[in-house]
Amino acid sequence: MSERTTTSSEPQDWEPKVLAFLCNWCSYAGADLAGTSRMQYPPNVRIIRVPCSGRVNPIFIVEALRQGADGVLVSGCHPGDCHYLSGNYYARRRFALLQRYLEYLGVEKGRVQFSWVSASEGARFAEVVTKVVSDVKALGPSRRLNINAMPVPAVEVADGRPA
Amino acid sequence: MTLPSAVREQIIEWLKNGEIEVFIGWEAGPVPLQATPVFVRTPEEVDRLIWDPTCENNLVAFLPRYRGKKVGIMVKGCDSRAIIGLLAEAQFPRENLRIVGVSCPGVVDPKVVAEQLGVPVEDLEDASVRDGQVLVGDQGVPLEASCYALCRACDRHNPIIADVQANEEINSEPVDDPLGPVREMEALSDDECWARFAEEVSRCNLCFACRNACPLCYCNVCFVDRTQPRWFNQTTRLEDRQFYQLMRTFHLAGRCVGCGACTRACPQGVNIRLFLDKLRADVQELFAYEAGVDPEAKPPLRTYRQDDYNGFIL
Amino acid sequence: MLMLPKSELSAFVAELMADRRVIAPVERDTELRFDVVEDPEQVNLAYRNTGKTPKAVFFPQVETLIRFARERDRFDRIEAVPLDTTPTVLLGVRPCDARSFLFLDRIFAQGRYLDPYYLARRQHTMVVSLACDHPRQTCFCHAFESGPYDRAGADILMREAGDAYLVEAITERGAELLDGMSLATADAGHLARAKEIEENAVSRLQPMAPIAGIESALAELFDSGLWAEVSEKCLACGTCTYVCPACHCFNIEDKLYARDGERVRAWDSCMYPTFTLHASGHNPRPDQAARWRQRMMHKFEYLPRNVDAYGCVGCGRCILSCPVRLDIRQVIARVQAEACKVKA
């Protein structure tokens with residue numbers, strides 16, 4: 001059985017791809033501030049802006065891992081500061097369960113992480129991204145749930161499982 | 001075994017005076033040791049109803065189809081919690097329900113009986129349940145040794161919501177530790193967990209019997225069937241089976257009442273409870289909530305506290 | 001008539017494996033199913049019937065049709081997947097399953113449109129049937145003018161004879177295969193024992209009215225209220241369609257990966273709401289009653305009209321695997337009873 005072409009080349013010069021869901025009002029603005037202040041942080045992060053951390057459906061996180069993201073970060077406003085008042089509170093409960101569940105199923109601890117970063121915390125954003133990228137790099141390329149890392153069935157016969 | 005006459009009469013009365021339009025119960029099925037659902041609409045049909053430990057299906061899975069109607073239903077201890085689950089999510093008005101509760105010692109798993117007797121499961125002819133035994137021809141297996149594995153961990157033999165209780169309550173402790181398998185898996189390394197998850201799911205056929213048997217899976221359009229966007233391909237590649245099991249079970253976080261209908265419905269023997277019980281345990285630990293107990297309690301993912309667990313945040 | 005002692009079954013399988021792929025009932029993941037044999041000792045022919053059908057040998061649940069490379073929205077380097085022409089022996093199928101292959105031939109291998117993927121496998125596979133010595137309570141092959149010892153669809157037929165199997169060539173290529181193997185001639189004792197076993201098997205069949213003629217009954221019942229009744233307990237899980245030897249509906253989808261993709265054919269089920277869901281949102285089969293009506297009509301009215309065969313072989317797997325024990329025999333009986341009422 002062969003493996004499909006993965007999205008990243010490896011191992012020596014492999015760089016992780018981290019998908020970050022940032023809430024528009026706090027974390028995304030914080031990331032913006034990091035940029036305008038010329039703070040350095042790893043370029044491995046790809047940002048998707050969402051109105052609120054509460055908008056992030058668990059299926060996005062799982063789908064990101066399926067499509068080949070090596071790590072996923074979700075960041076929102078600090079509890080109490082949500083632009084929509086309570087979106088991040090719901091998100092907190094959801095993500096607490098999801099993170100434990102993914103670890104229980106064998107997704108390595110550190111691949112999916114969560115933070116609160118406010119609009120004025122440019123330095124904090126850079127710090128968070130640096131930590132997440134470093135954690136994910138240490139874990140290596142994501143193979144679990146990654147559809148591109150699944151073996152290609154050679155011949156499908158009898159049951160639809162690889163012969 | 002037919003229902004006690006008092007219960008039969010109550011159901012007939014409900015039908016006659018229009019308190020219900022249909023009564024959902026069980027009747028004897030075409031294969032041994034497994035009853036089948038029946039939908040009774042006339043007093044004459046009430047004699048078809050039975051109760052015994054072959055009544056495996058959770059009939060609450062049918063309730064969402066009868067929205068707007070008045071329905072009578074028979075529930076075991078585990079099933080009754082599904083009714084509360086639906087009430088907590090405002091899916092069915094209580095006043096449109098008439099509930100007959102039965103206390104259940106554990107439902108018979110024909111495969112377990114067949115194994116005990118050393119015969120193929122299809123050869124269980126002339127089988128019945130009587131006097132605490134599963135009788136097959138002239139051989140008997142004690143009822144306690146004949147039930148599904150997950151029934152051995154049952155701590156909910158008695159219905160917690162009912163208009164009529166049809167039999168005597170059962171008060172016995174679980175034989176197996178309900179959280180045993182979960183704690184075992186939690187203790188594994190992530191490589192081992194992943195291997196276990198993949199192994200369990202490799203049996204899945206994507207037939208969706210689990211989803212359809214689940215009383216809390218009532219979405220009009222399941223995520224599996226969505227086309228904009230299309231999350232899901234209709235293949236049985238491992239990645240799709242894992243995705244389905246992971247997401248469906250997560251959609252039940254805080255909602256699964258632990259009735260086990262999914263695991264019993266699975267034709268492939270996937271241990272779906274191994275995943276759902278983890279979520280139930282975490283919901284209990286993090287949010288002090290157990291689904292299917294209090295119809296007034298807000299489901300945990302629809303509410304919050306300002307001092308919720310924050311320790312996992314960077 | 002030839003004979004194979006049961007003690008020599010593994011040797012027989014090993015001989016077949018020398019130059020062929022052998023697919024037979026083997027134990028995999030605590031399940032007995034038809035799969036490629038790796039070790040001749042694994043073959044288990046002492047079984048009633050498998051949970052899943054061997055139709056996957058010719059019509060896999062998931063099959064790649066073409067592969068292609070992809071760069072975002074651009075697709076090129078399309079390549080057809082090579083057809084599977086591995087010489088194969090499908091060993092130990094029950095007569096109901098062997099008949100189902102003849103039925104599937106009418107769908108995939110006849111008429112204007114021939115399915116090359118199916119045909120390649122079918123043409124290179126020899127079918128060795130094992131007559132059914134112990135029909136299950138749920139078996140109703142006899143309602144189709146067939147029976148547990150039916151030879152239809154087999155290249156070679158094996159029959160239980162106590163401590164051996166009788167082995168008989170049915171087709172020319174079956175005879176050719178047997179010529180190359182050194183099997184003893186069956187003696188009178190074994191012939192007699194085999195006859196005994198056959199009579200016993202036939203006596204186990206539960207009485208059931210013949211299916212023949214049901215198509216005219218169904219033609220009158222399209223608008224009947226019986227469909228809502230019989231389907232009321234159906235969970236729409238689709239398990240019946242997955243274990244059915246005759247069900248053959250499929251969907252074709254493109255699976256996309258980061259740098260490549262495949263066009264995949266996968267089994268579909270008429271029991272699912274999305275089966276006939278239109279892009280507009282309209283669904284001509286909006287409820288389970290309509291879908292069950294379709295299931296019955298397809299198997300017992302449309303298919304007889306279109307390809308002159310019923311879409312059911314009476315194996316009874318649907319009854320055994322249904323989570324609510326919906327019994328198709330009861331539906332058939334209901335249809336036949338309702339048709340009498342309509343006539344009266």
# chains A, B, ... in the order shown; residues from 1 in each chain; ligands from 1
call {"tool": "residues_around", "arguments": {"residues": "Gly140 of chain B", "least_positions_apart": "3", "cutoff": "10 Å", "atoms": "only C-alpha atoms", "output": "mmCIF file with C-alpha atoms, in the first residue's frame"}}
result
data_model
loop_
_atom_site.group_PDB
_atom_site.id
_atom_site.type_symbol
_atom_site.label_atom_id
_atom_site.label_comp_id
_atom_site.auth_asym_id
_atom_site.auth_seq_id
_atom_site.Cartn_x
_atom_site.Cartn_y
_atom_site.Cartn_z
ATOM 1 C CA VAL B 113 -27.009 -17.116 24.781
ATOM 2 C CA GLN B 116 -23.197 -20.099 26.343
ATOM 3 C CA LEU B 117 -24.908 -23.031 24.628
ATOM 4 C CA ALA B 127 -36.544 -20.139 22.693
ATOM 5 C CA SER B 128 -38.305 -18.138 25.371
ATOM 6 C CA VAL B 129 -37.693 -16.275 28.616
ATOM 7 C CA ARG B 130 -39.376 -17.659 31.742
ATOM 8 C CA GLY B 132 -35.430 -15.933 35.339
ATOM 9 C CA GLN B 133 -34.082 -18.229 32.616
ATOM 10 C CA VAL B 134 -33.596 -18.145 28.893
ATOM 11 C CA LEU B 135 -34.957 -21.486 27.700
ATOM 12 C CA VAL B 136 -33.818 -22.922 24.388
ATOM 13 C CA GLY B 137 -35.424 -26.281 23.709
ATOM 14 C CA LEU B 143 -31.045 -14.509 32.704
#
call {"tool": "interface_residues", "arguments": {"of": "chain C", "to": "chain B", "cutoff": "6 Å", "atoms": "only C-alpha atoms", "output": "list in words"}}
result
Val62, Leu235, Cys237, Gly238, Thr239, Ala266, Pro323, Val324 and Arg325 of chain C
call {"tool": "select_by_dssp", "arguments": {"residues": "segment 12-256 of chain B", "states": "strand (DSSP E)", "output": "ChimeraX atom specification"}}
result
/B:22-27,36-40,71-75,97-101,127-130,133-136,139-142,164-165
call {"tool": "closest_atom_pairs", "arguments": {"of": "chain C", "to": "chain A", "cutoff": "6 Å", "atoms": "only C-alpha atoms", "output": "tab-separated table"}}
result
residue	atom	partner	partner_atom	distance
C:Asp35	CA	A:Ala158	CA	5.4
C:Ala56	CA	A:Ala158	CA	4.6
C:Val57	CA	A:Ala158	CA	4.2
C:Pro60	CA	A:Gly160	CA	5.2
C:Gln61	CA	A:Gly160	CA	4.9
C:Val62	CA	A:Gly160	CA	5.1
C:Tyr257	CA	A:Asn148	CA	6.0
call {"tool": "write_last_selection", "arguments": {"atoms": "N, CA and C atoms", "output": "PDB file, in the first residue's frame"}}
result
ATOM      1  N   ASP C  35     -13.619 -13.462   2.539  1.00  0.00           N
ATOM      2  CA  ASP C  35     -12.435 -12.616   2.405  1.00  0.00           C
ATOM      3  C   ASP C  35     -11.324 -13.443   1.773  1.00  0.00           C
ATOM      4  N   ALA C  56     -19.773  -8.510  -2.604  1.00  0.00           N
ATOM      5  CA  ALA C  56     -18.665  -7.565  -2.604  1.00  0.00           C
ATOM      6  C   ALA C  56     -17.475  -8.073  -3.401  1.00  0.00           C
ATOM      7  N   VAL C  57     -17.431  -9.361  -3.675  1.00  0.00           N
ATOM      8  CA  VAL C  57     -16.341  -9.909  -4.495  1.00  0.00           C
ATOM      9  C   VAL C  57     -16.428  -9.353  -5.914  1.00  0.00           C
ATOM     10  N   PRO C  60     -17.665  -4.384  -5.014  1.00  0.00           N
ATOM     11  CA  PRO C  60     -17.206  -3.993  -3.680  1.00  0.00           C
ATOM     12  C   PRO C  60     -17.992  -2.823  -3.123  1.00  0.00           C
ATOM     13  N   GLN C  61     -18.000  -2.723  -1.809  1.00  0.00           N
ATOM     14  CA  GLN C  61     -18.734  -1.629  -1.177  1.00  0.00           C
ATOM     15  C   GLN C  61     -18.146  -0.274  -1.565  1.00  0.00           C
ATOM     16  N   VAL C  62     -16.831  -0.249  -1.692  1.00  0.00           N
ATOM     17  CA  VAL C  62     -16.181   0.984  -2.118  1.00  0.00           C
ATOM     18  C   VAL C  62     -15.232   0.624  -3.238  1.00  0.00           C
ATOM     19  N   TYR C 257      -8.343  14.783  -2.125  1.00  0.00           N
ATOM     20  CA  TYR C 257      -7.280  14.883  -1.148  1.00  0.00           C
ATOM     21  C   TYR C 257      -6.470  16.132  -1.477  1.00  0.00           C
TER      22      TYR C 257
END
call {"tool": "residues_around", "arguments": {"residues": "Pro135 of chain C", "least_positions_apart": "4", "cutoff": "10 Å", "atoms": "only C-alpha atoms", "output": "PyMOL selection string"}}
result
(chain B and resi 122-123) or (chain C and resi 48-49+131+139-141+147-148+200-206+315)
call {"tool": "residues_around", "arguments": {"residues": "segment 151-162 of chain C", "least_positions_apart": "2", "cutoff": "8 Å", "atoms": "only C-alpha atoms", "output": "PyMOL selection string"}}
result
chain C and resi 92+95+98-102+126-133+149+164-175+190-191+193-195+197
call {"tool": "write_last_selection", "arguments": {"atoms": "C-alpha atoms", "output": "short mmCIF file (atom, residue, chain, number, x, y, z; two decimals), in the first residue's frame"}}
result
data_model
loop_
_atom_site.label_atom_id
_atom_site.label_comp_id
_atom_site.auth_asym_id
_atom_site.auth_seq_id
_atom_site.Cartn_x
_atom_site.Cartn_y
_atom_site.Cartn_z
CA GLY C 92 -18.28 -22.08 -0.25
CA PRO C 95 -26.95 -21.48 -3.48
CA ALA C 98 -24.81 -18.05 -6.20
CA ARG C 99 -28.24 -17.23 -7.65
CA SER C 100 -27.78 -13.64 -6.65
CA PHE C 101 -24.75 -13.42 -8.92
CA LEU C 102 -26.93 -14.48 -11.85
CA MET C 126 -15.05 -19.51 -10.52
CA VAL C 127 -17.99 -20.04 -8.21
CA VAL C 128 -17.90 -23.12 -5.99
CA SER C 129 -21.24 -23.45 -4.22
CA LEU C 130 -21.80 -25.35 -1.03
CA ALA C 131 -25.35 -26.65 -0.79
CA CYS C 132 -27.23 -25.67 2.32
CA ASP C 133 -27.57 -28.59 4.71
CA TYR C 149 -29.52 -27.52 -3.16
CA ALA C 164 -16.74 -35.51 3.29
CA TYR C 165 -18.14 -33.27 0.61
CA LEU C 166 -19.51 -34.53 -2.69
CA VAL C 167 -17.99 -32.41 -5.46
CA GLU C 168 -19.66 -32.08 -8.83
CA ALA C 169 -18.81 -29.98 -11.87
CA ILE C 170 -21.80 -28.02 -13.14
CA THR C 171 -20.16 -26.03 -15.93
CA GLU C 172 -17.38 -26.75 -18.35
CA ARG C 173 -14.85 -24.59 -16.61
CA GLY C 174 -15.80 -26.24 -13.34
CA ALA C 175 -15.08 -29.59 -14.95
CA HIS C 190 -21.39 -41.17 0.96
CA LEU C 191 -23.94 -40.76 -1.80
CA ARG C 193 -25.56 -39.98 3.40
CA ALA C 194 -25.65 -36.91 1.16
CA LYS C 195 -29.18 -37.74 0.08
CA ILE C 197 -28.76 -34.72 4.56
#
call {"tool": "closest_atom_pairs", "arguments": {"of": "chain B", "to": "chain A", "cutoff": "7 Å", "atoms": "only C-alpha atoms", "output": "JSON lines"}}
result
{"residue": "B:Glu186", "atom": "CA", "partner": "A:Tyr104", "partner_atom": "CA", "distance": 6.1}
{"residue": "B:Asp190", "atom": "CA", "partner": "A:Gly106", "partner_atom": "CA", "distance": 4.4}
{"residue": "B:Asp191", "atom": "CA", "partner": "A:Gly106", "partner_atom": "CA", "distance": 6.1}
{"residue": "B:Cys193", "atom": "CA", "partner": "A:Gly106", "partner_atom": "CA", "distance": 4.6}
{"residue": "B:Trp194", "atom": "CA", "partner": "A:Gly106", "partner_atom": "CA", "distance": 4.0}
{"residue": "B:Phe197", "atom": "CA", "partner": "A:Leu105", "partner_atom": "CA", "distance": 5.9}
{"residue": "B:Glu239", "atom": "CA", "partner": "A:Ile147", "partner_atom": "CA", "distance": 6.1}
{"residue": "B:Asp282", "atom": "CA", "partner": "A:Leu97", "partner_atom": "CA", "distance": 6.9}
{"residue": "B:Leu301", "atom": "CA", "partner": "A:Tyr90", "partner_atom": "CA", "distance": 6.5}
{"residue": "B:Thr303", "atom": "CA", "partner": "A:Tyr90", "partner_atom": "CA", "distance": 6.7}
{"residue": "B:Tyr304", "atom": "CA", "partner": "A:Tyr89", "partner_atom": "CA", "distance": 6.0}
{"residue": "B:Phe312", "atom": "CA", "partner": "A:Ala96", "partner_atom": "CA", "distance": 6.8}
{"residue": "B:Ile313", "atom": "CA", "partner": "A:Ser115", "partner_atom": "CA", "distance": 5.1}
{"residue": "B:Leu314", "atom": "CA", "partner": "A:Ser115", "partner_atom": "CA", "distance": 5.0}
call {"tool": "residues_around", "arguments": {"residues": "Val112 of chain A", "least_positions_apart": "4", "cutoff": "8 Å", "atoms": "only C-alpha atoms", "output": "NGL selection string"}}
result
:A and (61 or 71-73 or 99)
call {"tool": "write_last_selection", "arguments": {"atoms": "N, CA and C atoms", "output": "PDB file, in the first residue's frame"}}
result
ATOM      1  N   ILE A  61     -12.776  22.044  13.582  1.00  0.00           N
ATOM      2  CA  ILE A  61     -11.498  21.616  14.139  1.00  0.00           C
ATOM      3  C   ILE A  61     -11.143  20.225  13.626  1.00  0.00           C
ATOM      4  N   GLY A  71      -1.802  21.317  13.345  1.00  0.00           N
ATOM      5  CA  GLY A  71      -2.277  21.798  14.632  1.00  0.00           C
ATOM      6  C   GLY A  71      -3.412  22.772  14.419  1.00  0.00           C
ATOM      7  N   VAL A  72      -4.227  22.950  15.453  1.00  0.00           N
ATOM      8  CA  VAL A  72      -5.346  23.892  15.375  1.00  0.00           C
ATOM      9  C   VAL A  72      -5.351  24.729  16.640  1.00  0.00           C
ATOM     10  N   LEU A  73      -5.478  26.047  16.468  1.00  0.00           N
ATOM     11  CA  LEU A  73      -5.603  26.959  17.592  1.00  0.00           C
ATOM     12  C   LEU A  73      -6.938  27.675  17.456  1.00  0.00           C
ATOM     13  N   GLN A  99     -11.508  18.882  23.536  1.00  0.00           N
ATOM     14  CA  GLN A  99     -10.080  18.632  23.688  1.00  0.00           C
ATOM     15  C   GLN A  99      -9.849  17.313  24.416  1.00  0.00           C
TER      16      GLN A  99
END
call {"tool": "residues_around", "arguments": {"residues": "segment 186-189 of chain C", "least_positions_apart": "5", "cutoff": "8 Å", "atoms": "only C-alpha atoms", "output": "VMD selection string"}}
result
chain C and resid 1 to 3 166
call {"tool": "write_last_selection", "arguments": {"atoms": "C-alpha atoms", "output": "PDB file, in the first residue's frame"}}
result
ATOM      1  CA  MET C   1     -19.433 -37.709  -8.743  1.00  0.00           C
ATOM      2  CA  LEU C   2     -16.261 -36.809  -6.846  1.00  0.00           C
ATOM      3  CA  MET C   3     -15.594 -36.592  -3.156  1.00  0.00           C
ATOM      4  CA  LEU C 166     -19.514 -34.526  -2.693  1.00  0.00           C
TER       5      LEU C 166
END
call {"tool": "select_by_dssp", "arguments": {"residues": "segment 53-137 of chain A", "states": "alpha helix (DSSP H)", "output": "PyMOL selection string"}}
result
chain A and resi 58-66+87-104+122-137
call {"tool": "write_last_selection", "arguments": {"atoms": "N, CA and C atoms", "output": "compact mmCIF listing (two decimals), in the first residue's frame"}}
result
# COMPACT_ATOMS: atom_id res chain seq x y z
N PRO A 58 -17.28 22.38 16.39
CA PRO A 58 -16.25 21.34 16.55
C PRO A 58 -15.90 20.65 15.23
N ILE A 59 -16.83 20.64 14.30
CA ILE A 59 -16.55 19.97 13.04
C ILE A 59 -15.47 20.71 12.26
N PHE A 60 -15.31 22.03 12.50
CA PHE A 60 -14.24 22.76 11.82
C PHE A 60 -12.89 22.25 12.27
N ILE A 61 -12.78 22.04 13.58
CA ILE A 61 -11.50 21.62 14.14
C ILE A 61 -11.14 20.22 13.63
N VAL A 62 -12.12 19.35 13.64
CA VAL A 62 -11.88 17.98 13.16
C VAL A 62 -11.59 18.00 11.66
N GLU A 63 -12.32 18.80 10.92
CA GLU A 63 -12.11 18.88 9.47
C GLU A 63 -10.72 19.44 9.16
N ALA A 64 -10.26 20.39 9.98
CA ALA A 64 -8.92 20.94 9.77
C ALA A 64 -7.89 19.83 9.90
N LEU A 65 -8.03 18.99 10.92
CA LEU A 65 -7.10 17.87 11.09
C LEU A 65 -7.23 16.89 9.94
N ARG A 66 -8.46 16.69 9.46
CA ARG A 66 -8.67 15.77 8.33
C ARG A 66 -8.00 16.26 7.06
N GLY A 87 -20.73 34.33 23.98
CA GLY A 87 -20.27 33.34 23.00
C GLY A 87 -19.10 32.53 23.49
N ASN A 88 -18.14 33.21 24.13
CA ASN A 88 -16.94 32.49 24.56
C ASN A 88 -17.21 31.57 25.74
N TYR A 89 -18.25 31.86 26.51
CA TYR A 89 -18.60 30.97 27.62
C TYR A 89 -19.08 29.63 27.08
N TYR A 90 -19.94 29.71 26.03
CA TYR A 90 -20.41 28.46 25.42
C TYR A 90 -19.23 27.73 24.79
N ALA A 91 -18.36 28.53 24.13
CA ALA A 91 -17.21 27.92 23.48
C ALA A 91 -16.34 27.21 24.49
N ARG A 92 -16.15 27.81 25.64
CA ARG A 92 -15.27 27.22 26.64
C ARG A 92 -15.74 25.82 27.04
N ARG A 93 -17.06 25.69 27.26
CA ARG A 93 -17.59 24.37 27.62
C ARG A 93 -17.38 23.36 26.49
N ARG A 94 -17.69 23.82 25.28
CA ARG A 94 -17.61 22.95 24.12
C ARG A 94 -16.18 22.45 23.93
N PHE A 95 -15.24 23.41 24.01
CA PHE A 95 -13.86 23.05 23.71
C PHE A 95 -13.24 22.22 24.82
N ALA A 96 -13.65 22.47 26.08
CA ALA A 96 -13.13 21.65 27.18
C ALA A 96 -13.45 20.19 26.89
N LEU A 97 -14.69 19.93 26.49
CA LEU A 97 -15.09 18.55 26.18
C LEU A 97 -14.37 18.03 24.94
N LEU A 98 -14.27 18.86 23.90
CA LEU A 98 -13.70 18.39 22.64
C LEU A 98 -12.23 18.05 22.81
N GLN A 99 -11.51 18.88 23.54
CA GLN A 99 -10.08 18.63 23.69
C GLN A 99 -9.85 17.31 24.42
N ARG A 100 -10.59 17.09 25.49
CA ARG A 100 -10.45 15.83 26.22
C ARG A 100 -10.82 14.65 25.34
N TYR A 101 -11.88 14.83 24.54
CA TYR A 101 -12.37 13.73 23.71
C TYR A 101 -11.36 13.35 22.64
N LEU A 102 -10.78 14.38 22.00
CA LEU A 102 -9.79 14.09 20.96
C LEU A 102 -8.58 13.38 21.55
N GLU A 103 -8.16 13.80 22.74
CA GLU A 103 -7.03 13.12 23.38
C GLU A 103 -7.40 11.68 23.72
N TYR A 104 -8.61 11.48 24.17
CA TYR A 104 -9.09 10.13 24.53
C TYR A 104 -9.04 9.21 23.32
N GLY A 122 -1.09 42.15 21.66
CA GLY A 122 -0.30 41.72 20.50
C GLY A 122 0.81 40.79 20.90
N ALA A 123 1.49 41.15 21.98
CA ALA A 123 2.63 40.33 22.44
C ALA A 123 2.14 38.96 22.88
N ARG A 124 1.01 38.93 23.53
CA ARG A 124 0.44 37.66 24.00
C ARG A 124 0.12 36.77 22.80
N PHE A 125 -0.42 37.36 21.74
CA PHE A 125 -0.74 36.56 20.56
C PHE A 125 0.53 35.93 20.00
N ALA A 126 1.58 36.74 19.89
CA ALA A 126 2.83 36.21 19.36
C ALA A 126 3.34 35.08 20.23
N GLU A 127 3.19 35.27 21.56
CA GLU A 127 3.65 34.25 22.50
C GLU A 127 2.85 32.96 22.32
N VAL A 128 1.54 33.07 22.20
CA VAL A 128 0.67 31.90 22.05
C VAL A 128 1.02 31.14 20.77
N VAL A 129 1.14 31.85 19.68
CA VAL A 129 1.44 31.19 18.40
C VAL A 129 2.79 30.50 18.46
N THR A 130 3.77 31.18 19.07
CA THR A 130 5.11 30.58 19.18
C THR A 130 5.02 29.27 19.94
N LYS A 131 4.28 29.27 21.05
CA LYS A 131 4.16 28.05 21.85
C LYS A 131 3.46 26.95 21.05
N VAL A 132 2.34 27.27 20.41
CA VAL A 132 1.58 26.25 19.71
C VAL A 132 2.40 25.64 18.57
N VAL A 133 3.07 26.51 17.81
CA VAL A 133 3.87 25.99 16.69
C VAL A 133 4.99 25.11 17.20
N SER A 134 5.60 25.54 18.30
CA SER A 134 6.70 24.73 18.85
C SER A 134 6.17 23.38 19.35
N ASP A 135 5.02 23.39 20.02
CA ASP A 135 4.43 22.13 20.51
C ASP A 135 4.13 21.20 19.33
N VAL A 136 3.53 21.77 18.28
CA VAL A 136 3.12 20.94 17.14
C VAL A 136 4.34 20.43 16.40
N LYS A 137 5.37 21.27 16.32
CA LYS A 137 6.59 20.83 15.62
C LYS A 137 7.19 19.62 16.32
call {"tool": "residues_around", "arguments": {"residues": "Ala80 of chain C", "least_positions_apart": "6", "cutoff": "8 Å", "atoms": "only C-alpha atoms", "output": "short mmCIF file (atom, residue, chain, number, x, y, z; two decimals) with C-alpha atoms, in the first residue's frame"}}
result
data_model
loop_
_atom_site.label_atom_id
_atom_site.label_comp_id
_atom_site.auth_asym_id
_atom_site.auth_seq_id
_atom_site.Cartn_x
_atom_site.Cartn_y
_atom_site.Cartn_z
CA LEU C 65 -13.01 4.02 -10.75
CA ILE C 66 -10.45 6.62 -11.75
CA ARG C 67 -7.67 8.57 -10.08
#
